[in-house]
Every structure is written in C-alpha cells, then in structure tokens.
Amino acid sequence: MSHKRIPKRKAAIAAGGVVALGAAAILLPNANASQDGSSSNGAAAAPKTLKASDASDLASQLQELLGDAFAGSYYDTDQQQLVVNVISGDNNNVIVQAKKAGAKIREVDNSLTELAAGAATLKADATIPGTAWAVDPRTNKILVTADSTVTGAKWDQLESTVDTLGSGMATIKKSAGAFKTFLSGGDAIFGGGARCSAGFNVTAGDGSPAFLTAGHCGVAAAEWADAQDGQPIATVDQATFPGDGDFALVKYDDPATVAPSEVNVGDGQTVQISQAADAEVGLQVFRMGSTTGLNDGQVLGLDATVNYPEGTVTGLIQTDVCAEPGDSGGSLFTQDGLAIGLTSGGSGDCTVGGETFFQPVTTALEAVGATLGAGDAAGGGEAGAGDEAGAGEEAGAGQEVGGGEEAGAGQEVGGEEAGQEAGGQDVGGEDTGAGADNGDSGLTETH
C-alpha cells in the first residue's frame, strides 16, 4: 500500500495505463408524439440492447423525465435491456419518449412514494436485529429478509408489520445464516486485532492520498497496516457506522504514496477503475476480498436498510454475491471498471451463498469529500467511447491476493497487470489473533 512497495514498472503502468471505458452518454430524443401515445414515426421503437453501465445512465435520465410516473427500473441481463416501471396515468407523451429512448416500459401498481412509505413503516415498527429490507423493482415490492435469529415474538412482530402494508406491497424471505459485518476484503489491512479490506484508492479533499473502506472497520481501529503486526501506514480520517451508511476514509501517512485507481484481482492482474457509478438492479458485479478472493453475482435491491446487532445502517446495495469475515471494505466493481460499492456485511458464506450488502461508492465519496483514484485520475472523468477496460482477462483459479489469500476459481474480469497494494485491499473484520470462523454465516461483527 505504501509507494515504496509498488515496483517501478507497475507504478508506470498505473500512472499511464488507464483503459478508457466505452460508456457514451445516452441522450433522450425529441419525440414528436401525440397525447394518445402514437408517434410521428409510426410504430413504437423496440427496446435497445444496452451495456449495464449505459442502462444505469439511461435510468437516471428517465427518472427525471417520467417524474411521479417513474416506479423504479432494473437491468434485464438476458435481454440486455433496461426495464422501467411506470404508474399508468394521463401523460402518455413522456412514456412514448421513454420507449423511444430505448427502454422497455412495464406498468406496475406500487409507486416509489408508496414503497417508501412502506419502508418507513418497517423502520418504525420492525427495526429488529437480523432483518433487512430493500425495494425490488423486478417484483415492484419491498423485499424483507429475516435471518436465523428472527424467531418467536420477533418473527410475529415482523410478519404482522408486513401484513399492515397490505397485499402486494412486500414479501418476506428467510435467510439461513445470521447477519454480521464482514471485517475483511480485497488486499488485507490490519488494525487493532482486526483484518479488513481496502476498497478503492481516492484523493481526499485536501489532496492527500487515501482509500475507502467499511465504516465498521474505521471505528474498529484508528491505524491500519498492510501486514499483520506491521507498522501502521494509514490513519482513519472519517468513519460512519452505524447510521447513514458504512464507510470510512483512511489517509496514507506518507503523503508521497502512489495510489493508482485499480483493483488487485490476484496473480499480478488488476482491473483499472475509471469512475464511480450507481448500482442498477440486475447489474453483474464482482467483489474482491482478502478472505474469499474474487466472486461475482447480481444487484438485487437498492436503498437497503440492514439491522445489524451493532445498529441500523441505511442506503445500502443488496446483492447475492457471497462474502465472509475479513472481506469487509473490499471493492465491488463491474468488469468494465466502474466502482460500485464497499463490502459491508450479510449472511451466509461462499460455500452456501447468502445475501451481502454494500455501501454505494458514490454516496461515500460525496460524504467524505473525496474523488476516486490518484490526483491525475481523480473522479475518473468520462472516458472515450468504444474502449472497454481489459475485457475478457481472466483471473484463474487459486490466484493469490494480499497476504496469500486465494482468488475465486475461473472468474473473468478485465485488467492490465499493475499489481498495486491499496486498490481492492482487504479491510475485513477477521480477528487476526484467532482466524475468523468462516463457517459461521450471518451479520455479526467479528473484530
């Protein structure tokens, strides 16, 4: 993680080898449509085939266009299409424009306002440790998850609260494990007897090099090293946990530290990170952690609320990507180099699976006043169209990542060789004195 530990050749690649990302902006056309839904061009345009990153950009534009009619969206990975939920009404003109922009339109019953009101009721009446909820646009309902500790009176309370929301508003799912924070991640960092993962290198508001990790790692220890029992190389500047997120800004003690914008995926390979982006339900994502290495899955829900034993955390991303103790703070990213999230916690493990929650990178950056990457790549400005970052590069089975941890078998991600020490570093929450119990699934803090 220190600039002294980055080989000169790799440092040169990191400084000058950022791969451009083909994420050209999607501009909404000026649709000349009549109020009865017909267009001047005849038949409605067919949904466009989109990359996931482009679908996320289009969803943001359509949310503004549709206003109250917008009821969420998700990415259909099989069809490579953006599906937009709308509440039927009189303003067919904007719906026609949304179709012409390339989205697939689906009429649904529950508005975002109604779903938000349902989530507020859950917060008021069912904030029970071991529960979580997030809006699932694919079902147009609130997905409520209860772990194995929610039984008896607590289960009855949760179930009755969901019933008060009315039929068609929410569903309950049981999780076999127990919710816990995962103090571990990409390349390992160590502090106060805990192990975590560094998520992404950033430039702090004062221009100093730093990295993002999980907030529950930041409150576990003030100083962090890149080796067990090693000398501290970075100090926590800001940390939020529990509450409005799970993120921390950790500044390198050496202001000359080289902090390239990339994630180490093992075996000398990295994924260049071009910019931060918001998650979209259905998006395929990769997670790097020091305990379990490289794993992938899909985004299942947004704006998730998770009731950890340590307290309630809001505004998270829900996924089906596995994680284990020691993976906390690790990076969640896309194959084409978009920074999406920081590992927070979940239930299950990488043997049986489970739910995992992530802090959105975009909100963490805004809260701490930092920009993604080193100073020369801060913010990951818009890349040239048509270039994809290291597509199809393969991180093979058993690849080593920070501290000898092995990467997941045969996961494919992009990436040029530039082995850096900080991006994707493991800030997980394993106890370094007596290794984490990886078989104990759930959301309990492990430091």
# chains A, B, ... in the order shown; residues from 1 in each chain; ligands from 1
call {"tool": "closest_atom_pairs", "arguments": {"of": "segment 173-249 of chain A", "to": "segment 356-371 of chain A", "cutoff": "6 Å", "atoms": "only C-alpha atoms", "output": "CSV"}}
result
residue,atom,partner,partner_atom,distance
A:Val202,CA,A:Thr371,CA,5.5
A:Thr203,CA,A:Thr371,CA,5.3
A:Ala204,CA,A:Ala370,CA,4.4
A:Gly205,CA,A:Ala370,CA,5.2
A:Asp246,CA,A:Gln359,CA,5.8
call {"tool": "residues_around", "arguments": {"residues": "Val306 of chain A", "least_positions_apart": "6", "cutoff": "6 Å", "atoms": "only C-alpha atoms", "output": "mmCIF file with all heavy atoms, in the first residue's frame"}}
result
data_model
loop_
_atom_site.group_PDB
_atom_site.id
_atom_site.type_symbol
_atom_site.label_atom_id
_atom_site.label_comp_id
_atom_site.auth_asym_id
_atom_site.auth_seq_id
_atom_site.Cartn_x
_atom_site.Cartn_y
_atom_site.Cartn_z
ATOM 1 N N ALA A 132 -33.687 -7.002 7.307
ATOM 2 C CA ALA A 132 -33.262 -6.047 6.283
ATOM 3 C C ALA A 132 -34.382 -5.911 5.272
ATOM 4 O O ALA A 132 -35.215 -6.816 5.116
ATOM 5 C CB ALA A 132 -31.984 -6.515 5.591
ATOM 6 N N THR A 312 -28.576 0.029 13.117
ATOM 7 C CA THR A 312 -29.193 0.067 11.793
ATOM 8 C C THR A 312 -28.347 0.878 10.821
ATOM 9 O O THR A 312 -27.853 1.960 11.160
ATOM 10 C CB THR A 312 -30.603 0.677 11.895
ATOM 11 O OG1 THR A 312 -31.397 -0.130 12.747
ATOM 12 C CG2 THR A 312 -31.261 0.767 10.525
ATOM 13 N N VAL A 313 -28.183 0.350 9.613
ATOM 14 C CA VAL A 313 -27.471 1.052 8.541
ATOM 15 C C VAL A 313 -28.422 1.190 7.359
ATOM 16 O O VAL A 313 -29.088 0.227 6.970
ATOM 17 C CB VAL A 313 -26.205 0.294 8.110
ATOM 18 C CG1 VAL A 313 -25.483 1.044 7.002
ATOM 19 C CG2 VAL A 313 -25.270 0.093 9.294
#
call {"tool": "residues_around", "arguments": {"residues": "Gln79 of chain A", "least_positions_apart": "3", "cutoff": "9 Å", "atoms": "only C-alpha atoms", "output": "PyMOL selection string"}}
result
chain A and resi 49-50+75-76+82
call {"tool": "select_by_dssp", "arguments": {"residues": "segment 160-362 of chain A", "states": "alpha helix (DSSP H)", "output": "PyMOL selection string"}}
result
chain A and resi 160-164+215-218+361-362
call {"tool": "select_by_dssp", "arguments": {"residues": "segment 139-356 of chain A", "states": "strand (DSSP E)", "output": "number ranges by chain"}}
result
A: 141-146, 170-174, 180-181, 188-191, 194-197, 200-203, 209-213, 223-224, 234-240, 247-252, 262-266, 269-272, 275-276, 284-289, 293-308, 311-319, 331-333, 338-346, 356
call {"tool": "write_last_selection", "arguments": {"atoms": "C-alpha atoms", "output": "mmCIF file, in the first residue's frame"}}
result
data_model
loop_
_atom_site.group_PDB
_atom_site.id
_atom_site.type_symbol
_atom_site.label_atom_id
_atom_site.label_comp_id
_atom_site.auth_asym_id
_atom_site.auth_seq_id
_atom_site.Cartn_x
_atom_site.Cartn_y
_atom_site.Cartn_z
ATOM 1 C CA LYS A 141 -42.424 -4.821 -3.907
ATOM 2 C CA ILE A 142 -40.324 -4.402 -0.788
ATOM 3 C CA LEU A 143 -38.165 -7.476 -0.227
ATOM 4 C CA VAL A 144 -37.928 -8.108 3.526
ATOM 5 C CA THR A 145 -35.222 -10.535 4.704
ATOM 6 C CA ALA A 146 -35.035 -12.106 8.165
ATOM 7 C CA ALA A 170 -43.933 -6.667 0.436
ATOM 8 C CA THR A 171 -42.631 -10.221 0.634
ATOM 9 C CA ILE A 172 -40.616 -11.912 3.400
ATOM 10 C CA LYS A 173 -37.602 -14.128 2.773
ATOM 11 C CA LYS A 174 -35.868 -16.253 5.429
ATOM 12 C CA LYS A 180 -22.989 -9.851 10.510
ATOM 13 C CA THR A 181 -20.449 -7.327 9.338
ATOM 14 C CA ALA A 188 -5.685 -7.137 3.530
ATOM 15 C CA ILE A 189 -5.174 -4.362 6.045
ATOM 16 C CA PHE A 190 -4.780 -4.898 9.754
ATOM 17 C CA GLY A 191 -5.627 -2.782 12.779
ATOM 18 C CA ALA A 194 -8.988 -6.918 13.103
ATOM 19 C CA ARG A 195 -8.483 -7.583 9.414
ATOM 20 C CA CYS A 196 -10.365 -5.659 6.730
ATOM 21 C CA SER A 197 -10.014 -4.818 3.052
ATOM 22 C CA PHE A 200 -10.706 1.906 -3.635
ATOM 23 C CA ASN A 201 -7.891 4.432 -3.654
ATOM 24 C CA VAL A 202 -9.085 8.028 -3.588
ATOM 25 C CA THR A 203 -7.787 11.558 -3.305
ATOM 26 C CA PRO A 209 -3.737 10.027 -0.939
ATOM 27 C CA ALA A 210 -6.269 7.832 0.865
ATOM 28 C CA PHE A 211 -8.540 4.827 0.447
ATOM 29 C CA LEU A 212 -12.134 3.959 1.212
ATOM 30 C CA THR A 213 -13.127 1.012 3.355
ATOM 31 C CA GLU A 223 -4.496 2.980 12.467
ATOM 32 C CA TRP A 224 -4.063 0.330 9.788
ATOM 33 C CA ALA A 234 -2.626 4.835 7.209
ATOM 34 C CA THR A 235 -4.883 6.593 9.725
ATOM 35 C CA VAL A 236 -8.671 6.858 9.775
ATOM 36 C CA ASP A 237 -9.828 10.382 8.919
ATOM 37 C CA GLN A 238 -13.632 9.866 8.900
ATOM 38 C CA ALA A 239 -15.880 6.891 9.657
ATOM 39 C CA THR A 240 -19.646 6.370 9.559
ATOM 40 C CA PHE A 247 -17.868 3.806 5.022
ATOM 41 C CA ALA A 248 -14.567 5.269 6.167
ATOM 42 C CA LEU A 249 -11.880 7.485 4.649
ATOM 43 C CA VAL A 250 -8.372 6.342 5.628
ATOM 44 C CA LYS A 251 -5.440 8.601 4.733
ATOM 45 C CA TYR A 252 -1.995 7.241 3.942
ATOM 46 C CA GLU A 262 -7.291 -0.071 -9.775
ATOM 47 C CA VAL A 263 -8.349 -3.264 -8.021
ATOM 48 C CA ASN A 264 -5.920 -6.130 -7.472
ATOM 49 C CA VAL A 265 -7.628 -9.364 -8.575
ATOM 50 C CA GLY A 266 -4.636 -11.620 -7.986
ATOM 51 C CA GLN A 269 -3.626 -8.725 -12.648
ATOM 52 C CA THR A 270 -5.634 -5.611 -11.908
ATOM 53 C CA VAL A 271 -8.836 -4.006 -13.092
ATOM 54 C CA GLN A 272 -8.441 -0.331 -13.927
ATOM 55 C CA GLN A 275 -15.091 6.180 -12.393
ATOM 56 C CA ALA A 276 -17.683 5.630 -9.679
ATOM 57 C CA GLN A 284 -23.497 -8.061 -12.810
ATOM 58 C CA VAL A 285 -20.853 -7.141 -10.246
ATOM 59 C CA PHE A 286 -17.567 -8.529 -8.942
ATOM 60 C CA ARG A 287 -16.376 -8.425 -5.340
ATOM 61 C CA MET A 288 -12.747 -8.685 -4.272
ATOM 62 C CA GLY A 289 -11.878 -9.619 -0.699
ATOM 63 C CA GLY A 293 -10.858 -13.521 -3.245
ATOM 64 C CA LEU A 294 -12.857 -12.805 -6.371
ATOM 65 C CA ASN A 295 -16.579 -13.603 -6.572
ATOM 66 C CA ASP A 296 -19.432 -12.315 -8.691
ATOM 67 C CA GLY A 297 -23.207 -12.001 -8.683
ATOM 68 C CA GLN A 298 -26.049 -9.558 -9.295
ATOM 69 C CA VAL A 299 -27.516 -6.486 -7.646
ATOM 70 C CA LEU A 300 -30.873 -7.418 -6.076
ATOM 71 C CA GLY A 301 -32.066 -4.204 -4.409
ATOM 72 C CA LEU A 302 -31.206 -0.577 -3.711
ATOM 73 C CA ASP A 303 -31.510 1.745 -0.718
ATOM 74 C CA ALA A 304 -31.455 -1.268 1.599
ATOM 75 C CA THR A 305 -31.852 -0.949 5.362
ATOM 76 C CA VAL A 306 -29.954 -3.535 7.431
ATOM 77 C CA ASN A 307 -30.411 -4.035 11.156
ATOM 78 C CA TYR A 308 -27.033 -5.289 12.363
ATOM 79 C CA GLY A 311 -27.198 -0.831 14.899
ATOM 80 C CA THR A 312 -29.193 0.067 11.793
ATOM 81 C CA VAL A 313 -27.471 1.052 8.541
ATOM 82 C CA THR A 314 -29.389 2.640 5.666
ATOM 83 C CA GLY A 315 -28.760 3.341 1.989
ATOM 84 C CA LEU A 316 -27.008 0.062 1.093
ATOM 85 C CA ILE A 317 -26.959 -2.132 -2.031
ATOM 86 C CA GLN A 318 -28.307 -5.690 -1.678
ATOM 87 C CA THR A 319 -26.700 -8.447 -3.775
ATOM 88 C CA SER A 331 -14.315 -3.422 -3.570
ATOM 89 C CA LEU A 332 -17.483 -4.088 -5.571
ATOM 90 C CA PHE A 333 -16.982 -3.226 -9.237
ATOM 91 C CA LEU A 338 -16.858 1.046 -12.636
ATOM 92 C CA ALA A 339 -16.525 1.364 -8.849
ATOM 93 C CA ILE A 340 -19.884 0.407 -7.326
ATOM 94 C CA GLY A 341 -19.597 -0.394 -3.616
ATOM 95 C CA LEU A 342 -17.717 -1.334 -0.434
ATOM 96 C CA THR A 343 -18.427 -4.633 1.330
ATOM 97 C CA SER A 344 -20.482 -4.099 4.489
ATOM 98 C CA GLY A 345 -21.969 -7.390 5.723
ATOM 99 C CA GLY A 346 -24.530 -10.092 5.158
ATOM 100 C CA THR A 356 -24.473 -9.416 1.080
#
call {"tool": "closest_residue", "arguments": {"among": "A:Thr351, A:Ala225, A:Gln335, A:Lys154", "to": "Val321 of chain A", "atoms": "only C-alpha atoms"}}
result
A:Thr351
call {"tool": "atom_distance", "arguments": {"atom1": "atom CA of Ser148 of chain A", "atom2": "atom CA of Ser175 of chain A"}}
result
6.2 Å
call {"tool": "closest_residue", "arguments": {"among": "A:Asp136, A:Thr291, A:Gly67, A:Gly118", "to": "Ser167 of chain A", "atoms": "only C-alpha atoms"}}
result
A:Gly118
call {"tool": "closest_residue", "arguments": {"among": "A:Pro137, A:Gly199, A:Gly245, A:Gly326", "to": "Phe70 of chain A", "atoms": "only C-alpha atoms"}}
result
A:Pro137
call {"tool": "atom_distance", "arguments": {"atom1": "atom CA of Val281 of chain A", "atom2": "atom CA of Leu66 of chain A"}}
result
18.6 Å
call {"tool": "closest_residue", "arguments": {"among": "A:Thr77, A:Ala134, A:Met169, A:Gly192", "to": "Gln228 of chain A", "atoms": "only C-alpha atoms"}}
result
A:Gly192
call {"tool": "atom_distance", "arguments": {"atom1": "atom CA of Gly282 of chain A", "atom2": "atom CA of Val83 of chain A"}}
result
10.1 Å
call {"tool": "closest_residue", "arguments": {"among": "A:Ile128, A:Ala45, A:Ala279, A:Leu158", "to": "Ser73 of chain A", "atoms": "only C-alpha atoms"}}
result
A:Ala279
